[in-house]
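So this one's data_25.pdb, PDB, C-alpha atoms:
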ATOM      1  CA  VAL O  20     -24.661  69.134 -31.195
ATOM      2  CA  VAL O  21     -27.404  67.154 -29.565
ATOM      3  CA  SER O  22     -26.376  64.291 -27.308
ATOM      4  CA  ARG O  23     -27.693  62.227 -24.477
ATOM      5  CA  GLN O  24     -25.782  62.337 -21.165
ATOM      6  CA  ASN O  25     -26.290  62.630 -17.429
ATOM      7  CA  PRO O  26     -26.944  66.157 -16.194
ATOM      8  CA  VAL O  27     -24.041  67.893 -14.445
ATOM      9  CA  LYS O  28     -24.544  70.562 -11.813
ATOM     10  CA  ALA O  29     -22.045  72.419  -9.653
ATOM     11  CA  VAL O  30     -23.330  72.148  -6.082
ATOM     12  CA  GLN O  31     -22.126  74.408  -3.293
ATOM     13  CA  LEU O  32     -22.430  72.953   0.196
ATOM     14  CA  TYR O  33     -21.579  74.117   3.698
ATOM     15  CA  GLY O  34     -20.096  71.788   6.233
ATOM     16  CA  THR O  35     -17.728  71.131   9.095
ATOM     17  CA  ILE O  36     -14.534  69.215   9.734
ATOM     18  CA  GLN O  37     -15.047  66.472  12.327
ATOM     19  CA  VAL O  38     -13.138  63.657  13.994
ATOM     20  CA  ASP O  39     -13.130  60.356  12.082
ATOM     21  CA  GLU O  40     -15.137  58.209  14.517
ATOM     22  CA  ARG O  41     -13.224  55.109  13.424
ATOM     23  CA  LEU O  42     -10.013  56.621  14.859
ATOM     24  CA  SER O  43     -11.477  57.536  18.279
ATOM     25  CA  GLN O  44     -10.928  55.484  21.420
ATOM     26  CA  SER O  45     -12.009  55.629  25.020
ATOM     27  CA  GLN O  46      -9.249  55.250  27.585
ATOM     28  CA  THR O  47     -10.770  53.224  30.411
ATOM     29  CA  SER O  48      -9.625  52.001  33.775
ATOM     30  CA  HIS O  49      -9.203  48.267  34.258
ATOM     31  CA  VAL O  50      -8.937  48.463  38.051
ATOM     32  CA  SER O  51     -10.777  50.204  40.841
ATOM     33  CA  GLY O  52      -9.080  52.796  42.991
ATOM     34  CA  ARG O  53      -8.344  56.489  43.386
ATOM     35  CA  ILE O  54      -6.613  58.760  40.881
ATOM     36  CA  GLU O  55      -3.421  59.563  42.784
ATOM     37  CA  LYS O  56      -1.636  61.520  40.048
ATOM     38  CA  LEU O  57      -2.897  62.779  36.708
ATOM     39  CA  PHE O  58      -0.357  63.384  33.937
ATOM     40  CA  VAL O  59      -2.890  64.514  31.306
ATOM     41  CA  THR O  60      -4.627  67.530  32.743
ATOM     42  CA  PHE O  61      -6.583  69.254  29.967
ATOM     43  CA  THR O  62      -8.665  68.678  26.855
ATOM     44  CA  GLY O  63      -6.635  69.177  23.688
ATOM     45  CA  GLU O  64      -3.450  67.696  25.119
ATOM     46  CA  SER O  65      -1.528  65.337  22.844
ATOM     47  CA  VAL O  66      -0.775  61.779  24.030
ATOM     48  CA  LYS O  67       1.358  58.959  22.639
ATOM     49  CA  GLU O  68       0.613  55.250  22.852
ATOM     50  CA  GLY O  69       2.277  53.810  25.963
ATOM     51  CA  GLN O  70       2.597  57.208  27.684
ATOM     52  CA  VAL O  71       1.735  57.171  31.404
ATOM     53  CA  ILE O  72      -1.421  59.244  31.752
ATOM     54  CA  ALA O  73      -2.401  58.522  35.363
ATOM     55  CA  THR O  74      -1.285  56.726  38.521
ATOM     56  CA  ILE O  75      -3.981  54.933  40.493
ATOM     57  CA  TYR O  76      -3.917  53.899  44.147
ATOM     58  CA  SER O  77      -5.475  50.415  44.143
ATOM     59  CA  PRO O  78      -5.421  48.072  47.160
ATOM     60  CA  GLU O  79      -6.738  45.240  44.960
ATOM     61  CA  VAL O  80      -3.689  45.536  42.667
ATOM     62  CA  MET O  81      -1.441  45.446  45.724
ATOM     63  CA  ALA O  82      -3.204  42.273  46.917
ATOM     64  CA  ALA O  83      -2.771  40.684  43.480
ATOM     65  CA  GLN O  84       0.939  41.565  43.510
ATOM     66  CA  GLN O  85       1.298  39.890  46.907
ATOM     67  CA  GLU O  86      -0.558  36.887  45.506
ATOM     68  CA  LEU O  87       1.953  36.804  42.611
ATOM     69  CA  ILE O  88       4.911  36.735  44.984
ATOM     70  CA  GLU O  89       3.311  33.943  47.045
ATOM     71  CA  ALA O  90       2.433  31.967  43.889
ATOM     72  CA  ALA O  91       6.060  32.195  42.716
ATOM     73  CA  LYS O  92       7.099  30.264  45.830
ATOM     74  CA  VAL O  93       4.883  27.307  44.896
ATOM     75  CA  GLN O  94       5.447  27.572  41.114
ATOM     76  CA  ASP O  95       1.739  28.190  40.329
ATOM     77  CA  ILE O  96       2.278  31.635  38.907
ATOM     78  CA  GLU O  97       0.561  31.738  35.497
ATOM     79  CA  PRO O  98      -3.050  32.276  36.726
ATOM     80  CA  VAL O  99      -1.910  35.282  38.780
ATOM     81  CA  ARG O 100       0.080  36.661  35.838
ATOM     82  CA  ASP O 101      -3.055  36.374  33.692
ATOM     83  CA  LYS O 102      -5.065  38.258  36.307
ATOM     84  CA  LEU O 103      -2.524  41.115  36.273
ATOM     85  CA  ARG O 104      -2.466  41.125  32.450
ATOM     86  CA  LEU O 105      -6.252  41.566  32.466
ATOM     87  CA  TRP O 106      -5.670  44.711  34.520
ATOM     88  CA  LYS O 107      -3.320  45.838  31.712
ATOM     89  CA  LEU O 108      -0.047  45.390  33.584
ATOM     90  CA  SER O 109       2.698  44.750  31.051
ATOM     91  CA  ASP O 110       4.876  41.638  31.139
ATOM     92  CA  GLU O 111       7.779  43.921  32.116
ATOM     93  CA  GLN O 112       5.841  45.258  35.122
ATOM     94  CA  ILE O 113       4.906  41.728  36.180
ATOM     95  CA  ALA O 114       8.517  40.497  35.826
ATOM     96  CA  LYS O 115       9.733  43.460  37.899
ATOM     97  CA  ILE O 116       7.329  42.529  40.715
ATOM     98  CA  GLU O 117       8.469  38.894  40.574
ATOM     99  CA  GLN O 118      12.175  39.804  40.640
ATOM    100  CA  SER O 119      12.029  42.514  43.284
ATOM    101  CA  GLY O 120       9.531  40.811  45.567
ATOM    102  CA  GLU O 121       8.131  44.272  46.368
ATOM    103  CA  VAL O 122       4.468  45.231  46.133
ATOM    104  CA  SER O 123       2.996  48.680  45.586
ATOM    105  CA  PRO O 124      -0.576  49.935  45.810
ATOM    106  CA  TYR O 125       0.085  52.205  42.795
ATOM    107  CA  ILE O 126      -0.451  51.280  39.159
ATOM    108  CA  ASP O 127       0.328  53.383  36.104
ATOM    109  CA  ILE O 128      -2.310  53.684  33.407
ATOM    110  CA  THR O 129      -0.808  54.099  29.939
ATOM    111  CA  SER O 130      -2.442  55.479  26.815
ATOM    112  CA  ASN O 131      -3.716  52.837  24.429
ATOM    113  CA  SER O 132      -3.410  55.092  21.369
ATOM    114  CA  ASN O 133      -1.848  58.194  19.847
ATOM    115  CA  GLY O 134      -3.993  61.276  19.526
ATOM    116  CA  ILE O 135      -5.544  64.323  21.115
ATOM    117  CA  VAL O 136      -7.632  64.255  24.297
ATOM    118  CA  VAL O 137     -11.120  65.367  23.222
ATOM    119  CA  SER O 138     -12.724  64.860  26.627
ATOM    120  CA  LYS O 139     -11.323  64.504  30.139
ATOM    121  CA  ASN O 140     -13.775  62.754  32.445
ATOM    122  CA  ILE O 141     -11.804  62.533  35.709
ATOM    123  CA  ASN O 142      -9.795  64.661  38.097
ATOM    124  CA  GLN O 143      -7.037  63.913  40.562
ATOM    125  CA  GLY O 144      -8.557  62.383  43.698
ATOM    126  CA  ASP O 145     -11.570  60.841  41.925
ATOM    127  CA  TYR O 146     -12.535  57.251  42.736
ATOM    128  CA  ILE O 147     -12.932  54.997  39.712
ATOM    129  CA  ASN O 148     -14.111  51.473  38.914
ATOM    130  CA  PRO O 149     -13.218  49.067  36.114
ATOM    131  CA  GLY O 150     -14.732  50.426  32.907
ATOM    132  CA  THR O 151     -14.667  54.067  34.007
ATOM    133  CA  VAL O 152     -13.866  56.191  30.948
ATOM    134  CA  LEU O 153     -10.919  58.384  31.902
ATOM    135  CA  PHE O 154     -10.367  60.128  28.563
ATOM    136  CA  ASP O 155     -11.676  60.072  25.008
ATOM    137  CA  ILE O 156      -8.779  60.233  22.554
ATOM    138  CA  ALA O 157      -9.073  61.036  18.839
ATOM    139  CA  ASN O 158      -6.421  60.537  16.202
ATOM    140  CA  LEU O 159      -6.556  63.639  13.983
ATOM    141  CA  ASN O 160      -4.249  62.330  11.240
ATOM    142  CA  ARG O 161      -7.398  61.782   9.178
ATOM    143  CA  VAL O 162     -10.638  63.739   9.626
ATOM    144  CA  TRP O 163     -14.053  63.834   7.984
ATOM    145  CA  ALA O 164     -15.443  66.770   6.011
ATOM    146  CA  ILE O 165     -19.202  66.590   6.666
ATOM    147  CA  PHE O 166     -21.396  68.581   4.273
ATOM    148  CA  ASP O 167     -25.096  69.396   4.438
ATOM    149  CA  ALA O 168     -26.934  68.876   1.143
ATOM    150  CA  TYR O 169     -30.470  69.894   0.254
ATOM    151  CA  GLU O 170     -32.821  67.174  -0.917
ATOM    152  CA  SER O 171     -32.938  68.780  -4.381
ATOM    153  CA  ASP O 172     -29.122  68.386  -4.684
ATOM    154  CA  LEU O 173     -29.066  64.678  -3.828
ATOM    155  CA  PRO O 174     -29.570  63.419  -7.430
ATOM    156  CA  PHE O 175     -26.286  65.156  -8.325
ATOM    157  CA  LEU O 176     -24.233  63.574  -5.516
ATOM    158  CA  LYS O 177     -22.957  60.007  -5.659
ATOM    159  CA  VAL O 178     -20.455  57.984  -3.651
ATOM    160  CA  GLY O 179     -17.114  58.190  -5.449
ATOM    161  CA  ASP O 180     -17.738  61.643  -6.967
ATOM    162  CA  PRO O 181     -14.789  64.031  -6.683
ATOM    163  CA  ILE O 182     -15.199  67.009  -4.391
ATOM    164  CA  GLU O 183     -13.225  70.187  -3.778
ATOM    165  CA  TYR O 184     -13.580  72.365  -0.708
ATOM    166  CA  THR O 185     -12.006  75.315   1.057
ATOM    167  CA  LEU O 186     -11.686  76.241   4.710
ATOM    168  CA  GLN O 187     -12.191  79.701   6.172
ATOM    169  CA  SER O 188      -9.182  79.144   8.410
ATOM    170  CA  LEU O 189      -6.917  78.503   5.382
ATOM    171  CA  PRO O 190      -8.008  81.028   2.726
ATOM    172  CA  GLY O 191      -6.783  80.413  -0.808
ATOM    173  CA  LYS O 192      -6.053  76.714  -0.235
ATOM    174  CA  THR O 193      -8.267  74.129  -1.939
ATOM    175  CA  PHE O 194      -8.609  70.562  -0.694
ATOM    176  CA  SER O 195      -9.907  67.643  -2.706
ATOM    177  CA  GLY O 196     -11.324  64.231  -1.982
ATOM    178  CA  THR O 197     -14.121  61.904  -2.953
ATOM    179  CA  ILE O 198     -17.557  61.361  -1.503
ATOM    180  CA  SER O 199     -17.239  58.217   0.600
ATOM    181  CA  PHE O 200     -20.666  58.129   2.268
ATOM    182  CA  ILE O 201     -24.104  59.655   1.866
ATOM    183  CA  ASN O 202     -26.282  59.402   4.947
ATOM    184  CA  PRO O 203     -29.466  57.514   4.037
ATOM    185  CA  ILE O 204     -31.473  59.414   6.674
ATOM    186  CA  LEU O 205     -33.093  62.623   5.491
ATOM    187  CA  ASP O 206     -33.278  65.460   8.010
TER
END
Show how you would write the structure in this file as structure tokens.
Amino acid sequence: VVSRQNPVKAVQLYGTIQVDERLSQSQTSHVSGRIEKLFVTFTGESVKEGQVIATIYSPEVMAAQQELIEAAKVQDIEPVRDKLRLWKLSDEQIAKIEQSGEVSPYIDITSNSNGIVVSKNINQGDYINPGTVLFDIANLNRVWAIFDAYESDLPFLKVGDPIEYTLQSLPGKTFSGTISFINPILD
């Protein structure tokens, strides 16, 4: 039977499993100070959103807390609350300061996402500034399978094509997916 159709070719590719960049976040400091206590101490450690990951000694946070207490006396408190919110203090932390009337030079830094620490950039005792990247955190619930294709195989690969692959670490198990992206840059 003679027919006209697109050519089909089974292509074998080698690749790696990598972090989905869209699910990675940098955990930064919003205040300056010194890392007083570190609760996440190694790369590969799992963290949950809202978990305390470090305590920072920060005289500027203490001064802002004192300013909050003084502002409460004259009922001009909202600008100071906003300042503390910009430093990522929660409304509960701010309310506790207002109610207790006590200030502390220590501030807890909490994780902004769930995931695995893929890089730890600070140690206990380090001095940090606003914007300092403390940790890089990746959510590994979804990962990318990145394959290397030869130029001669590219006509047989299209976005949306089904793909099956195996992993050396899980022999006998086959995974499936679809091609979601083909890098337009040729190496």
CA of Gly191 in chain O to CA of Trp163 in chain O, distance in Å rounded to a single decimal: 20.1 Å
Residue contacts of range 147-154 of chain O (12 Å, only C-alpha atoms) excluding same-chain residues fewer than 2 positions away, as a VMD selection string: chain O and resid 43 to 55 57 to 66 72 to 77 79 105 to 107 128 to 132 134 to 145 156 to 157
Calculate, to one decimal in Å, the centre and edge lengths of the box along x, y and z of the file that holds all listed atoms of range 33-39 of chain O with 8 Å of margin on each side, and present them as JSON.
{"center_x": -17.4, "center_y": 67.2, "center_z": 8.8, "size_x": 24.4, "size_y": 29.8, "size_z": 26.3}
So what does the PyMOL selection byres ((chain O and resi 168) around 10) actually pick up in this one, as a ChimeraX atom specification? /O:30-34,165-167,169-173,176,201,205-206
Among listed residues O:Asn160, O:Ser123, O:Ala29, O:Gln94, nearest Glu183 in chain O (using only C-alpha atoms): O:Ala29
Give me, as JSON, numbers by chain, all polymer residues having an atom no more than 12 Å from Ala83 in chain O, counting all atoms listed in the file and skipping those fewer than 3 positions away in the same chain. {"O": [50, 77, 78, 79, 80, 86, 87, 88, 89, 90, 96, 98, 99, 100, 101, 102, 103, 104, 105, 106, 108, 113, 116, 117, 121, 122, 123, 124, 125, 126]}
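With distances restricted to only C-alpha atoms, O:Pro181 is the closest residue to Ser195 in chain O from O:Pro181, O:Ala114, O:Val38, O:Asp127.
The space separating CA of Ser199 in chain O from CA of Leu42 in chain O comes to 16.1 Å.
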For Tyr184 in chain O, work out the shell of residues within 9 Å, counting only C-alpha atoms and skipping chain neighbours fewer than 6 positions away, then give it as a count of residues only. 7
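You can rank O:Leu159, O:Phe175, O:Glu68, O:Gln118 by their closest distance to Val27 in chain O using all atoms listed in the file, and at the top of that list sits O:Phe175.
Between CA of Pro174 in chain O and CA of Pro203 in chain O lies a distance of 12.9 Å.
Using only C-alpha atoms, the smallest distance between any of O:Ser119, O:Gln70, O:Asn158, O:Ser188 and Gln37 in chain O comes from O:Asn158.
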